[in-house]
Structure formats: C-alpha cells, structure tokens
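**Q** Provided herewith: entry_18.cif, mmCIF, C-alpha atoms.
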```cif
data_protein
loop_
_atom_site.label_atom_id
_atom_site.label_comp_id
_atom_site.auth_asym_id
_atom_site.auth_seq_id
_atom_site.Cartn_x
_atom_site.Cartn_y
_atom_site.Cartn_z
CA MET A 19 0.00 0.00 0.00
CA PHE A 20 1.35 3.39 -1.05
CA ARG A 21 0.25 6.18 1.30
CA LEU A 22 0.38 9.07 -1.13
CA SER A 23 -0.77 11.73 1.34
CA ARG A 24 1.92 10.77 3.85
CA TYR A 25 4.73 11.28 1.36
CA MET A 26 3.18 14.36 -0.22
CA ARG A 27 3.07 15.97 3.25
CA GLU A 28 6.84 15.53 3.34
CA LEU A 29 7.01 18.21 0.64
CA LEU A 30 5.45 20.73 3.02
CA ALA A 31 6.86 19.55 6.35
CA PRO A 32 9.88 17.22 6.03
CA THR A 33 10.52 14.72 8.81
CA PRO A 34 13.50 12.47 9.59
CA VAL A 35 13.73 9.23 7.65
CA ARG A 36 13.05 6.20 9.80
CA ALA A 37 12.87 2.61 8.59
CA THR A 38 10.11 0.95 10.61
CA ARG A 39 9.48 -2.74 10.14
CA PRO A 40 6.76 -4.30 12.35
CA ARG A 41 7.69 -7.67 13.79
CA ALA A 42 4.35 -9.10 12.67
CA PRO A 43 2.18 -8.34 9.64
CA VAL A 44 -1.09 -6.52 9.23
CA VAL A 45 -3.68 -9.28 8.76
CA ILE A 46 -6.52 -9.02 6.27
CA TRP A 47 -9.07 -11.60 7.40
CA ASN A 48 -11.84 -12.83 5.11
CA LEU A 49 -14.16 -13.96 7.89
CA ILE A 50 -16.94 -14.99 5.51
CA ARG A 51 -17.15 -15.75 1.81
CA ARG A 52 -20.87 -15.11 1.38
CA CYS A 53 -21.76 -11.76 -0.19
CA ASN A 54 -24.99 -9.96 -1.03
CA LEU A 55 -23.40 -8.77 -4.30
CA ASN A 56 -21.68 -10.57 -7.18
CA CYS A 57 -18.88 -8.25 -8.32
CA ILE A 58 -17.15 -9.00 -11.62
CA HIS A 59 -13.64 -8.41 -10.17
CA CYS A 60 -14.09 -10.32 -6.88
CA TYR A 61 -10.86 -12.08 -5.87
CA SER A 62 -12.71 -14.45 -3.49
CA LEU A 63 -15.35 -15.55 -6.04
CA SER A 64 -18.04 -14.77 -3.49
CA THR A 65 -21.78 -14.99 -4.07
CA ASP A 66 -24.97 -15.02 -1.99
CA VAL A 67 -24.77 -18.59 -0.70
CA ASP A 68 -23.40 -20.10 2.50
CA PHE A 69 -19.92 -21.61 2.14
CA PRO A 70 -19.30 -24.62 4.41
CA GLY A 71 -16.37 -25.04 6.79
CA GLU A 72 -15.93 -21.46 7.97
CA LEU A 73 -14.37 -20.77 11.35
CA SER A 74 -16.67 -20.66 14.37
CA THR A 75 -16.77 -17.74 16.81
CA ALA A 76 -14.68 -19.69 19.32
CA GLU A 77 -12.09 -20.54 16.67
CA VAL A 78 -11.90 -16.90 15.58
CA PHE A 79 -11.37 -15.81 19.20
CA ALA A 80 -8.53 -18.30 19.61
CA VAL A 81 -6.83 -16.98 16.48
CA LEU A 82 -7.27 -13.39 17.70
CA GLU A 83 -5.47 -14.27 20.93
CA ASP A 84 -2.58 -15.79 18.95
CA LEU A 85 -2.38 -12.78 16.62
CA LYS A 86 -2.22 -10.44 19.59
CA ALA A 87 0.49 -12.46 21.33
CA PHE A 88 2.46 -12.55 18.06
CA GLY A 89 2.38 -8.76 17.79
CA VAL A 90 0.02 -8.25 14.85
CA PRO A 91 -0.67 -4.49 14.96
CA ALA A 92 -3.79 -4.22 12.81
CA LEU A 93 -6.69 -6.24 11.44
CA VAL A 94 -8.88 -5.66 8.41
CA LEU A 95 -12.11 -7.66 8.73
CA SER A 96 -13.35 -8.50 5.24
CA GLY A 97 -15.34 -11.01 3.23
CA GLY A 98 -17.39 -11.64 1.10
CA GLU A 99 -19.48 -9.21 3.04
CA PRO A 100 -18.43 -9.32 6.71
CA LEU A 101 -21.71 -7.76 7.85
CA LEU A 102 -23.47 -10.99 6.80
CA ARG A 103 -21.64 -12.84 9.58
CA PRO A 104 -24.03 -13.00 12.58
CA ASP A 105 -21.15 -12.68 15.06
CA ILE A 106 -19.27 -9.87 13.26
CA PHE A 107 -19.82 -7.36 16.06
CA GLU A 108 -18.99 -9.89 18.76
CA ILE A 109 -15.73 -10.62 16.94
CA SER A 110 -15.08 -6.92 16.41
CA ARG A 111 -15.61 -6.04 20.08
CA HIS A 112 -13.25 -8.82 21.13
CA ALA A 113 -10.60 -7.55 18.69
CA ARG A 114 -11.03 -4.00 19.98
CA GLY A 115 -10.67 -5.25 23.53
CA LEU A 116 -7.35 -6.85 22.61
CA GLY A 117 -6.10 -3.50 21.31
CA PHE A 118 -5.88 -4.08 17.55
CA HIS A 119 -6.12 -1.20 15.12
CA LEU A 120 -9.36 -2.39 13.52
CA ALA A 121 -10.82 -1.78 10.07
CA LEU A 122 -13.97 -3.07 8.41
CA SER A 123 -14.07 -3.62 4.64
CA THR A 124 -17.66 -3.65 3.36
CA ASN A 125 -19.70 -2.89 0.25
CA GLY A 126 -21.92 -0.71 2.43
CA ALA A 127 -25.21 -1.83 0.91
CA LEU A 128 -26.43 -3.51 4.11
CA ILE A 129 -25.84 -0.52 6.37
CA ASP A 130 -29.16 0.82 7.62
CA GLU A 131 -29.82 2.95 10.72
CA ALA A 132 -29.55 0.03 13.12
CA MET A 133 -26.42 -1.37 11.46
CA ALA A 134 -24.77 2.06 11.48
CA ASP A 135 -25.48 2.35 15.20
CA ARG A 136 -23.74 -0.97 15.83
CA ILE A 137 -20.77 0.01 13.66
CA ALA A 138 -20.39 3.25 15.59
CA GLU A 139 -20.67 1.41 18.92
CA VAL A 140 -17.78 -0.92 18.05
CA GLY A 141 -15.52 2.05 17.30
CA TYR A 142 -13.73 0.79 14.19
CA ASP A 143 -10.69 2.87 13.36
CA TYR A 144 -11.76 2.85 9.73
CA VAL A 145 -14.65 1.58 7.60
CA GLY A 146 -13.86 1.15 3.90
CA VAL A 147 -16.76 1.08 1.43
CA SER A 148 -16.11 -0.14 -2.11
CA LEU A 149 -17.54 1.83 -5.04
CA ASP A 150 -16.81 1.15 -8.71
CA GLY A 151 -18.37 4.27 -10.16
CA ILE A 152 -21.43 6.48 -9.91
CA GLY A 153 -24.95 5.09 -10.22
CA GLU A 154 -25.39 2.52 -12.97
CA VAL A 155 -21.64 2.10 -13.48
CA HIS A 156 -21.32 0.77 -9.94
CA ASP A 157 -24.49 -1.32 -10.26
CA ARG A 158 -23.15 -3.00 -13.42
CA PHE A 159 -19.90 -3.95 -11.69
CA ARG A 160 -21.76 -5.24 -8.65
CA ARG A 161 -24.49 -6.90 -10.75
CA VAL A 162 -27.25 -5.76 -8.36
CA PRO A 163 -29.52 -2.85 -9.42
CA GLY A 164 -29.78 -0.08 -6.83
CA CYS A 165 -26.71 -1.07 -4.84
CA PHE A 166 -24.98 2.27 -5.46
CA GLU A 167 -27.74 4.18 -3.69
CA ALA A 168 -27.74 1.62 -0.87
CA SER A 169 -23.97 1.92 -0.42
CA LEU A 170 -24.09 5.72 -0.55
CA ARG A 171 -26.78 5.71 2.14
CA GLY A 172 -24.56 3.46 4.26
CA ILE A 173 -21.67 5.89 3.88
CA ARG A 174 -23.86 8.80 4.94
CA LEU A 175 -25.26 6.95 7.96
CA CYS A 176 -21.75 6.12 9.16
CA ARG A 177 -20.52 9.68 8.61
CA GLN A 178 -23.50 11.03 10.59
CA ARG A 179 -22.32 8.93 13.54
CA GLY A 180 -18.74 10.14 13.38
CA VAL A 181 -17.34 6.94 11.88
CA ARG A 182 -14.15 7.42 9.84
CA VAL A 183 -15.12 6.27 6.34
CA GLY A 184 -13.16 5.74 3.15
CA LEU A 185 -14.03 5.03 -0.47
CA ARG A 186 -12.34 2.09 -2.19
CA PHE A 187 -12.16 2.07 -6.00
CA THR A 188 -10.68 -0.64 -8.26
CA VAL A 189 -9.75 0.98 -11.56
CA THR A 190 -10.20 -0.79 -14.93
CA GLU A 191 -10.79 0.40 -18.48
CA ARG A 192 -14.53 -0.12 -17.89
CA ASN A 193 -14.82 2.41 -15.08
CA VAL A 194 -11.82 4.75 -15.23
CA GLU A 195 -13.98 7.63 -16.47
CA SER A 196 -15.81 7.51 -13.11
CA LEU A 197 -12.73 8.50 -11.12
CA PRO A 198 -13.18 12.31 -11.25
CA ALA A 199 -16.81 12.00 -10.18
CA LEU A 200 -15.86 9.67 -7.31
CA LEU A 201 -13.23 12.14 -6.12
CA ASP A 202 -15.90 14.84 -6.23
CA LEU A 203 -18.22 12.56 -4.27
CA MET A 204 -15.49 12.12 -1.65
CA GLU A 205 -15.44 15.88 -1.17
CA GLU A 206 -19.21 16.34 -1.25
CA GLU A 207 -19.81 13.62 1.34
CA GLN A 208 -16.80 14.69 3.45
CA VAL A 209 -15.30 11.22 3.25
CA ASP A 210 -11.98 10.88 5.08
CA ARG A 211 -10.06 8.56 2.79
CA PHE A 212 -9.78 7.48 -0.85
CA TYR A 213 -8.15 4.15 -1.71
CA LEU A 214 -7.44 3.42 -5.36
CA SER A 215 -6.69 -0.21 -6.13
CA HIS A 216 -5.11 -1.35 -9.37
CA LEU A 217 -6.63 -4.57 -10.70
CA VAL A 218 -4.97 -7.81 -9.62
CA TYR A 219 -5.41 -10.96 -11.68
CA ALA A 220 -7.03 -13.17 -9.06
CA GLY A 221 -10.49 -14.70 -8.67
CA ARG A 222 -12.88 -13.09 -11.15
CA GLY A 223 -10.26 -10.35 -11.55
CA HIS A 224 -8.12 -12.89 -13.45
CA ARG A 225 -10.98 -13.44 -15.88
CA TYR A 226 -11.25 -9.69 -16.51
CA ARG A 227 -7.56 -8.89 -16.81
CA GLU A 228 -8.06 -7.68 -20.40
CA ASP A 229 -9.88 -4.71 -18.84
CA ASP A 230 -6.91 -3.77 -16.68
CA ALA A 231 -6.19 -0.07 -17.14
CA TYR A 232 -3.64 0.36 -19.89
CA HIS A 233 -0.32 1.85 -18.89
CA ARG A 234 -1.04 5.35 -20.17
CA THR A 235 -4.41 5.26 -18.42
CA SER A 236 -2.65 4.29 -15.18
CA ARG A 237 -0.43 7.34 -15.54
CA ARG A 238 -3.44 9.64 -16.10
CA VAL A 239 -5.15 8.15 -13.06
CA MET A 240 -2.13 8.78 -10.89
CA ASN A 241 -1.73 12.31 -12.25
CA LEU A 242 -5.31 13.05 -11.20
CA LEU A 243 -4.68 11.63 -7.72
CA PHE A 244 -1.51 13.73 -7.37
CA GLU A 245 -3.43 16.85 -8.36
CA ARG A 246 -6.36 16.17 -6.01
CA CYS A 247 -4.17 15.13 -3.09
CA TRP A 248 -2.03 18.25 -3.45
CA GLN A 249 -5.16 20.41 -3.61
CA HIS A 250 -6.45 18.90 -0.37
CA LEU A 251 -3.11 19.46 1.34
CA VAL A 252 -2.78 23.13 0.41
CA GLU A 253 -6.43 23.69 1.40
CA GLY A 254 -5.74 22.13 4.81
CA ARG A 255 -8.16 19.22 4.42
CA ASN A 256 -7.56 16.31 6.75
CA THR A 257 -7.97 13.58 4.14
CA GLU A 258 -5.90 10.64 3.00
CA PHE A 259 -5.18 9.29 -0.47
CA VAL A 260 -3.80 5.77 -0.76
CA THR A 261 -3.14 3.39 -3.65
CA GLY A 262 -2.64 -0.34 -3.66
CA ASN A 263 -1.55 -3.29 -5.80
CA ASN A 264 0.86 -1.39 -8.01
CA ASP A 265 4.00 -0.26 -6.22
CA ALA A 266 5.21 1.50 -9.35
CA ASP A 267 2.97 4.29 -8.03
CA ALA A 268 5.70 5.25 -5.55
CA VAL A 269 8.32 5.58 -8.28
CA TYR A 270 5.94 7.55 -10.47
CA PHE A 271 5.35 9.89 -7.53
CA LEU A 272 9.10 10.35 -7.19
CA ILE A 273 9.25 11.31 -10.88
CA TRP A 274 6.48 13.85 -10.20
CA VAL A 275 8.45 15.21 -7.26
CA LYS A 276 11.63 15.54 -9.34
CA ARG A 277 9.72 17.59 -11.87
CA ASN A 278 7.80 19.82 -9.45
CA PHE A 279 9.93 19.89 -6.27
CA PRO A 280 13.48 18.97 -7.33
CA ASP A 281 14.96 20.22 -4.06
CA ARG A 282 12.86 17.61 -2.17
CA ALA A 283 13.57 14.66 -4.48
CA ASP A 284 16.43 13.13 -2.47
CA HIS A 285 14.42 13.43 0.73
CA ILE A 286 11.38 11.74 -0.80
CA SER A 287 13.54 9.04 -2.37
CA ALA A 288 15.04 8.22 1.03
CA HIS A 289 11.58 8.00 2.62
CA LEU A 290 10.30 5.72 -0.13
CA ALA A 291 13.33 3.44 0.16
CA ALA A 292 12.73 3.21 3.92
CA TRP A 293 9.12 2.24 3.19
CA GLY A 294 10.40 -0.51 0.91
CA GLY A 295 7.60 -1.18 -1.54
CA ASN A 296 5.51 -4.31 -1.89
CA ALA A 297 5.03 -6.06 1.45
CA SER A 298 3.17 -9.26 0.52
CA GLY A 299 4.40 -12.10 2.70
CA VAL A 300 6.35 -9.69 4.88
CA ASN A 301 4.20 -6.96 6.43
CA VAL A 302 0.89 -8.14 4.98
CA ALA A 303 -0.83 -11.49 5.53
CA ASN A 304 -4.21 -13.01 4.79
CA ILE A 305 -6.44 -15.53 6.52
CA ASP A 306 -9.33 -16.79 4.41
CA ASN A 307 -12.77 -17.90 5.56
CA LEU A 308 -11.62 -21.50 6.06
CA GLY A 309 -8.60 -20.52 8.14
CA ASN A 310 -5.99 -20.94 5.41
CA VAL A 311 -3.07 -18.49 5.59
CA HIS A 312 -1.77 -16.75 2.45
CA PRO A 313 0.95 -14.18 1.63
CA ASP A 314 -1.85 -11.70 0.84
CA THR A 315 -5.48 -11.73 -0.30
CA PHE A 316 -4.63 -12.46 -3.94
CA TRP A 317 -2.66 -15.66 -3.24
CA TRP A 318 -5.62 -17.89 -2.33
CA HIS A 319 -4.21 -20.58 -4.62
CA HIS A 320 -1.10 -20.77 -2.38
CA ASN A 321 -1.69 -22.05 1.15
CA LEU A 322 0.92 -21.71 3.87
CA GLY A 323 -1.05 -23.63 6.48
CA ASN A 324 -4.33 -23.58 8.37
CA VAL A 325 -5.00 -21.96 11.74
CA ARG A 326 -7.09 -24.97 12.80
CA GLU A 327 -3.98 -27.12 12.55
CA ARG A 328 -1.20 -24.71 13.60
CA PRO A 329 -1.20 -21.24 15.16
CA PHE A 330 -0.84 -18.35 12.71
CA SER A 331 2.33 -17.29 14.51
CA GLU A 332 3.93 -20.66 13.79
CA ILE A 333 2.76 -20.75 10.17
CA TRP A 334 4.08 -17.24 9.48
CA ARG A 335 7.52 -17.98 10.92
CA ASP A 336 7.94 -21.27 9.06
CA PRO A 337 10.99 -20.78 6.76
CA ARG A 338 10.36 -23.74 4.46
CA ASP A 339 7.99 -22.24 1.86
CA PRO A 340 9.97 -21.25 -1.29
CA LEU A 341 7.56 -18.49 -2.31
CA MET A 342 7.71 -16.88 1.12
CA ALA A 343 11.49 -17.15 1.14
CA GLY A 344 11.60 -15.25 -2.15
CA LEU A 345 9.10 -12.62 -1.03
CA ARG A 346 11.21 -11.93 2.05
CA ARG A 347 14.53 -11.63 0.24
CA ARG A 348 15.97 -8.13 -0.23
CA PRO A 349 16.26 -7.66 -3.08
CA ARG A 350 13.67 -10.10 -4.30
CA PRO A 351 14.84 -12.51 -7.03
CA VAL A 352 12.82 -10.78 -9.75
CA GLU A 353 13.58 -11.03 -13.44
CA GLY A 354 13.10 -9.09 -16.68
CA ARG A 355 12.39 -5.36 -16.42
CA CYS A 356 11.81 -5.67 -12.67
CA GLY A 357 15.21 -7.26 -12.14
CA ALA A 358 16.94 -4.55 -14.16
CA CYS A 359 14.97 -1.64 -12.67
CA ARG A 360 16.98 0.99 -10.82
CA TRP A 361 14.04 1.56 -8.45
CA LEU A 362 13.82 -2.02 -7.12
CA ALA A 363 14.68 -0.82 -3.59
CA ILE A 364 11.57 1.38 -3.65
CA CYS A 365 9.09 -0.82 -5.50
CA ASN A 366 10.36 -4.23 -4.30
CA GLY A 367 9.27 -5.95 -7.50
CA ASN A 368 5.63 -4.84 -7.41
CA THR A 369 2.75 -7.36 -7.30
CA ARG A 370 4.16 -10.85 -7.78
CA VAL A 371 0.82 -12.60 -8.24
CA ARG A 372 0.26 -10.81 -11.58
CA ALA A 373 3.51 -12.23 -12.88
CA MET A 374 2.49 -15.67 -11.63
CA ARG A 375 -0.91 -15.48 -13.31
CA LEU A 376 0.38 -14.24 -16.65
CA PHE A 377 3.73 -16.02 -16.98
CA GLY A 378 3.49 -18.92 -14.53
CA ASN A 379 6.55 -17.49 -12.78
CA PRO A 380 6.21 -15.41 -9.59
CA TRP A 381 9.57 -13.74 -10.26
CA ALA A 382 8.87 -12.58 -13.82
CA GLU A 383 8.39 -8.87 -14.47
CA ASP A 384 5.08 -7.38 -13.36
CA PRO A 385 3.04 -6.78 -16.54
CA ALA A 386 1.17 -3.88 -14.91
CA CYS A 387 4.26 -1.72 -14.40
CA TYR A 388 3.49 1.43 -16.39
CA LEU A 389 6.92 3.08 -16.12
CA SER A 390 8.88 3.61 -19.33
CA ASP A 391 12.24 1.98 -20.01
CA ALA A 392 13.86 5.40 -19.65
CA GLU A 393 12.26 5.92 -16.25
CA ILE A 394 13.50 2.63 -14.84
CA GLY A 395 17.02 3.10 -16.19
CA LEU A 396 17.04 0.83 -19.23
CA ALA A 397 18.84 1.93 -22.38
CA ALA A 398 15.89 1.81 -24.78
CA SER A 399 15.39 5.59 -24.60
CA ALA A 400 17.90 7.85 -22.94
CA PRO A 401 16.80 10.52 -20.46
CA GLY A 402 16.31 13.80 -22.28
CA SER A 403 15.23 12.13 -25.50
CA ALA A 404 11.92 12.96 -27.16
CA ALA A 405 10.41 9.69 -25.93
CA ALA A 406 11.43 10.33 -22.36
CA GLU A 407 10.12 13.91 -22.47
CA GLU A 408 6.79 12.67 -23.81
CA GLU A 409 6.50 10.22 -20.93
CA LEU A 410 7.15 13.00 -18.40
CA ALA A 411 5.09 15.69 -20.07
CA ASP A 412 1.84 14.85 -18.28
CA VAL A 413 3.19 14.74 -14.72
CA ALA A 414 3.69 18.46 -14.07
CA LEU A 415 1.82 20.16 -11.24
#
```
For this file, write the structure as structure tokens.

**A**
Amino acid sequence: MFRLSRYMRELLAPTPVRATRPRAPVVIWNLIRRCNLNCIHCYSLSTDVDFPGELSTAEVFAVLEDLKAFGVPALVLSGGEPLLRPDIFEISRHARGLGFHLALSTNGALIDEAMADRIAEVGYDYVGVSLDGIGEVHDRFRRVPGCFEASLRGIRLCRQRGVRVGLRFTVTERNVESLPALLDLMEEEQVDRFYLSHLVYAGRGHRYREDDAYHRTSRRVMNLLFERCWQHLVEGRNTEFVTGNNDADAVYFLIWVKRNFPDRADHISAHLAAWGGNASGVNVANIDNLGNVHPDTFWWHHNLGNVRERPFSEIWRDPRDPLMAGLRRRPRPVEGRCGACRWLAICNGNTRVRAMRLFGNPWAEDPACYLSDAEIGLAASAPGSAAAEEELADVAL
C-alpha cells in the first residue's frame, strides 16, 4: 500500500527518515465468503450462498489471541461481506478489547440505521466502502440494481455517527472515467479517505484482466490523484489518499516530485526506500474464511497452512515455503524489467501474483508496471530524449 498523502506531506513539512518494520504483519481476514453482491472483479469468487467449513466464533477468538500475542498491529475484517456474519460485532468487540487497530471492509449496501449504530458502537478505526463508479456504473460492476444508492446511504449513515469512512475504488478500463466523479463525491460527502486499487489478476479479476487499465491510463489516473491530493493538502483538508496493488505508483510519484519539487527529491527518495515497496508475505498477511493463511489476499491458490492445525504465529515464521522465502529476500529474485529496474529498492518488484498469473513465474516482471524503459534506467530511450520527455510531459503540477 502506497500512502500518497503521507509522502506528499513531506514536501510541506519534512521529517527524519526512519525505517520501521513491524515484527508481525497486518492481517486481512476474510471472515466470511458469502456476499450480497456478485462483483465482476471479486478475488474471493463470493456470491450469496453459504460456504461450508468457515471458522466458528470460538475458533476466531482463539486466532485473535494468537495474533495479539504474536504482535500483529492491525486487522482488516473483510469477506465476502463481513456484515453478513451473525457474530461480526462480537468478533469486532473482542478484537477491539485486545487492542488491535481495527478496520472493516464492506460494500456498504447492508448498512441501515440500526447497522450504522452498531458500527459506531464498536468504534472501528476505519470503515472502507467499495464503489466502482457512480450510479449505474457501480451497479453494473456489482451486478445488483440499486446497490450504489444503498452503499451511498450506508456511507452517509456512518458519517452522521462520526465513523471514519473511506471510499475504495478498483480501476479498470470499464470504469476509469468515473474516477473524477468519485473524487468529487469524496469531497461532497466529506469522506476521510480514498483508496485506489489497481486490478490484480485473481479470482474473477483474473478473468477480466483484459480490462486492466492500460499503462497510459494508469499514468493519467495517478496524475489526477496527485493533483487532487495536493489540492487537499494546500487547502488544509484532513484527508488521506492511498493506492494499492501497483507499487510503481511510488516511483511515479518520485518522478512527479523531481519535476515539481526537485529540491525535495532526495528526501522523498530516502523515505520511499525506507518504506520498501511491496510487502506481501512480509508486512501483509491473509487468513481466508476456512482458516488458510496466504501471503496476501490475492494468493488464495497458495496455502501456507491452516489456523485450525497450527497457530498463525507458527505458520508465518515457518521458513520452508519457497515463495515466502523469495518474497522476504531483499532484493527479491525478480527477473526481466523488474530485475533490471533501478528503483527495485523502492518498488520491491511490485505485485508478484500478476507475474504468476500471466507467466506462470512469480519472479517474472510485473506486466502492470506502467513506467517507461527510460524511467527505470534501461537503455531503450535515454533521459532527455523525445520519448522520455513525452513520458514525463503529463506529470507536471
């Protein structure tokens, strides 16, 4: 996850560079696979049926105790739709009592007055609501008519109760034109956070990879986020812009900084290197609805173990898995453009599951990297050439 606002604030108020590595990962936990919607890009292939074999309340509590003892700092409770789990608030209160930073990832369509009251009572640190566009665009992605209005109502009900809410948007060629309107909606509804996710080829997302935003589109999307984030900062708005699933975003931001704030470029570069790029299998982990542990939410085809058989803390520390060994190497053993990239220390090889899905090799280059050869230090077009200038022309403030 690339916290754009955090690093953009460094342009206004620089802070010392500190490399912070938690001893245990943030855990994204798909507590339930059932969902009231049927989204075309769903990585968990959820639908509105009960899936057998999911962890009981008692089993979830036991895992929570192990996660806390292991030092896991934060939990994201997800699904499917986590609000369909009858014990979601019981689980959430127990997690809060243990002291986790706690987030809820929901589609928002089930949040009525009573549900919003319960969400506010738990005191989640953050509630993320996924939107894929405005009105019918969102409804087409979610394949349920009227779900946009239901989700928007849920956002408003949470905001009315003082809940910190964020919008989550997965960009593809089918919905990219909705981004400006969603950013406007963020401002109109006084939403605290905007999370832009690049498409990952997993679940139904693998089936729709031909709709992945083309490289030039990815650049335009990021340019718009840079512009909007900077506007919020100079206006003093207390908002946050974040991107995920394409760590080339951090390098592209550095290019933007070099063009607009050249005196801050070395400082930003040092901060980004300390951050370290993609954290799958290192600072991010996933537990699915059956208790299987994965390097992140998009590696459901790769099991590390099951929390019914071994504690998460033991599974995560097991050194024998070759994929995990590679994910934890610095630098990672990436190949192709990623292996030759001069920004590997910042990006850390980007999203490995895309390479696995497309090439059958988790260490191949990430096909979604939208940086030019000149920008990553390859000889195809030298810096200062017409091609390089064209690539940089649309990143000015």

**Q** Do you know which residues lie at most 10 Å from (-3.9, 3.3, -16.6), with coordinates as in the file and all atoms listed in the file counted, and could you write them as number ranges by chain?

**A** A: 189-191, 194, 216, 230-240, 386-388

**Q** Can you work out the spacing between CA of Cys53 (chain A) and CA of Thr257 (chain A) in Å, to one decimal?

**A**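 Separation of CA of Cys53 (chain A) and CA of Thr257 (chain A): 29.2 Å.
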
**Q** Identify the residues within 12 Å of coordinate (14.8, -9.6, -12.2) (same frame as the file), considering all atoms listed in the file, and give the answer as a PyMOL selection string.

**A** chain A and resi 344+349-362+366-368+370+373+379-384

**Q** Export, as an mmCIF file, in the coordinates of the input, the selected residues with C-alpha atoms.

**A**
```cif
data_model
loop_
_atom_site.group_PDB
_atom_site.id
_atom_site.type_symbol
_atom_site.label_atom_id
_atom_site.label_comp_id
_atom_site.auth_asym_id
_atom_site.auth_seq_id
_atom_site.Cartn_x
_atom_site.Cartn_y
_atom_site.Cartn_z
ATOM 1 C CA GLY A 344 11.600 -15.250 -2.150
ATOM 2 C CA PRO A 349 16.260 -7.660 -3.080
ATOM 3 C CA ARG A 350 13.670 -10.100 -4.300
ATOM 4 C CA PRO A 351 14.840 -12.510 -7.030
ATOM 5 C CA VAL A 352 12.820 -10.780 -9.750
ATOM 6 C CA GLU A 353 13.580 -11.030 -13.440
ATOM 7 C CA GLY A 354 13.100 -9.090 -16.680
ATOM 8 C CA ARG A 355 12.390 -5.360 -16.420
ATOM 9 C CA CYS A 356 11.810 -5.670 -12.670
ATOM 10 C CA GLY A 357 15.210 -7.260 -12.140
ATOM 11 C CA ALA A 358 16.940 -4.550 -14.160
ATOM 12 C CA CYS A 359 14.970 -1.640 -12.670
ATOM 13 C CA ARG A 360 16.980 0.990 -10.820
ATOM 14 C CA TRP A 361 14.040 1.560 -8.450
ATOM 15 C CA LEU A 362 13.820 -2.020 -7.120
ATOM 16 C CA ASN A 366 10.360 -4.230 -4.300
ATOM 17 C CA GLY A 367 9.270 -5.950 -7.500
ATOM 18 C CA ASN A 368 5.630 -4.840 -7.410
ATOM 19 C CA ARG A 370 4.160 -10.850 -7.780
ATOM 20 C CA ALA A 373 3.510 -12.230 -12.880
ATOM 21 C CA ASN A 379 6.550 -17.490 -12.780
ATOM 22 C CA PRO A 380 6.210 -15.410 -9.590
ATOM 23 C CA TRP A 381 9.570 -13.740 -10.260
ATOM 24 C CA ALA A 382 8.870 -12.580 -13.820
ATOM 25 C CA GLU A 383 8.390 -8.870 -14.470
ATOM 26 C CA ASP A 384 5.080 -7.380 -13.360
#
```

**Q** Using CA of Glu206 (chain A) and CA of Leu170 (chain A) as the two end points, give the distance in Å to one decimal.

**A** 11.7 Å

**Q** Specify as a list in words each residue included when the PyMOL selection byres ((chain A and resi 185) around 9) is applied to this file.

**A**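 Given this file, the PyMOL selection byres ((chain A and resi 185) around 9) evaluates to Val145, Gly146, Val147, Ser148, Leu149, Ile173, Val183, Gly184, Arg186, Phe187, Leu200, Met204, Val209, Asp210, Arg211, Phe212, Tyr213 and Leu214 of chain A.
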
**Q** Evaluating the PyMOL selection byres ((chain A and resi 372) around 7) on the displayed file yields which residues, as a CSV table (one decimal) with C-alpha atoms, in the frame of the given file?

**A**
```
chain,number,residue,atom,x,y,z
A,218,VAL,CA,-5.0,-7.8,-9.6
A,219,TYR,CA,-5.4,-11.0,-11.7
A,369,THR,CA,2.8,-7.4,-7.3
A,370,ARG,CA,4.2,-10.8,-7.8
A,371,VAL,CA,0.8,-12.6,-8.2
A,373,ALA,CA,3.5,-12.2,-12.9
A,374,MET,CA,2.5,-15.7,-11.6
A,375,ARG,CA,-0.9,-15.5,-13.3
A,376,LEU,CA,0.4,-14.2,-16.6
A,384,ASP,CA,5.1,-7.4,-13.4
A,385,PRO,CA,3.0,-6.8,-16.5
```

**Q** Please write as a PyMOL selection string the full residue list that the PyMOL selection byres ((chain A and resi 94) around 8) yields on this file.

**A** chain A and resi 44-47+92-93+95-96+120-123

**Q** What is the CA of Asn310 (chain A)-CA of Glu332 (chain A) distance in Å, reported with one decimal?

**A** 13.0 Å

**Q** Find the spatial neighbours of His112 (chain A), counting all atoms listed in the file, within a cut-off of 10 Å - ignore same-chain residues fewer than 2 positions away - and output them as a list of chain:residue names.

**A**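 The residues that qualify are A:Val78, A:Phe79, A:Leu82, A:Glu83, A:Ile106, A:Phe107, A:Glu108, A:Ile109, A:Ser110, A:Arg114, A:Gly115, A:Leu116, A:Gly117, A:Phe118, A:Val140.
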
**Q** Just write the chosen residues, C-alpha atoms, as a PDB file, keeping the file's coordinate frame.

**A**
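Saved result, out.pdb, follows:
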```
ATOM      1  CA  VAL A  78     -11.900 -16.900  15.580  1.00  0.00           C
ATOM      2  CA  PHE A  79     -11.370 -15.810  19.200  1.00  0.00           C
ATOM      3  CA  LEU A  82      -7.270 -13.390  17.700  1.00  0.00           C
ATOM      4  CA  GLU A  83      -5.470 -14.270  20.930  1.00  0.00           C
ATOM      5  CA  ILE A 106     -19.270  -9.870  13.260  1.00  0.00           C
ATOM      6  CA  PHE A 107     -19.820  -7.360  16.060  1.00  0.00           C
ATOM      7  CA  GLU A 108     -18.990  -9.890  18.760  1.00  0.00           C
ATOM      8  CA  ILE A 109     -15.730 -10.620  16.940  1.00  0.00           C
ATOM      9  CA  SER A 110     -15.080  -6.920  16.410  1.00  0.00           C
ATOM     10  CA  ARG A 114     -11.030  -4.000  19.980  1.00  0.00           C
ATOM     11  CA  GLY A 115     -10.670  -5.250  23.530  1.00  0.00           C
ATOM     12  CA  LEU A 116      -7.350  -6.850  22.610  1.00  0.00           C
ATOM     13  CA  GLY A 117      -6.100  -3.500  21.310  1.00  0.00           C
ATOM     14  CA  PHE A 118      -5.880  -4.080  17.550  1.00  0.00           C
ATOM     15  CA  VAL A 140     -17.780  -0.920  18.050  1.00  0.00           C
TER      16      VAL A 140
END
```

**Q** Compare A:Val252, A:Ala392, A:Val302, A:Val260 by their minimum atom-to-atom distance to Phe20 (chain A), counting only C-alpha atoms, and give me the closest one.

**A**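 Checking each candidate against Phe20 (chain A), we get A:Val260 as the closest.
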
**Q** Find the residues around Ala134 (chain A) up to 10 Å (all atoms listed in the file counted), leave out those fewer than 5 positions away in its own chain, and share them as a list of chain:residue names.

**A** A:Gly126, A:Leu128, A:Ile129, A:Glu139, A:Gly172, A:Ile173, A:Arg174, A:Leu175, A:Cys176, A:Arg177, A:Gln178, A:Arg179, A:Val181

**Q** Point out the residue among A:Leu217, A:Asp306, A:Leu251, A:Pro280 with the least atom-to-atom distance to Asn263 (chain A), counting all atoms listed in the file.

**A**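 Under the stated criterion, the closest residue is A:Leu217.
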
**Q** Take every atom of region 144-152 of chain A listed in the file, pad by 4 Å on each side, and give me the axis-aligned box centre and edge lengths in Å, one decimal, as JSON.

**A**
```
{"center_x": -16.6, "center_y": 3.2, "center_z": -0.2, "size_x": 17.7, "size_y": 14.6, "size_z": 27.9}
```
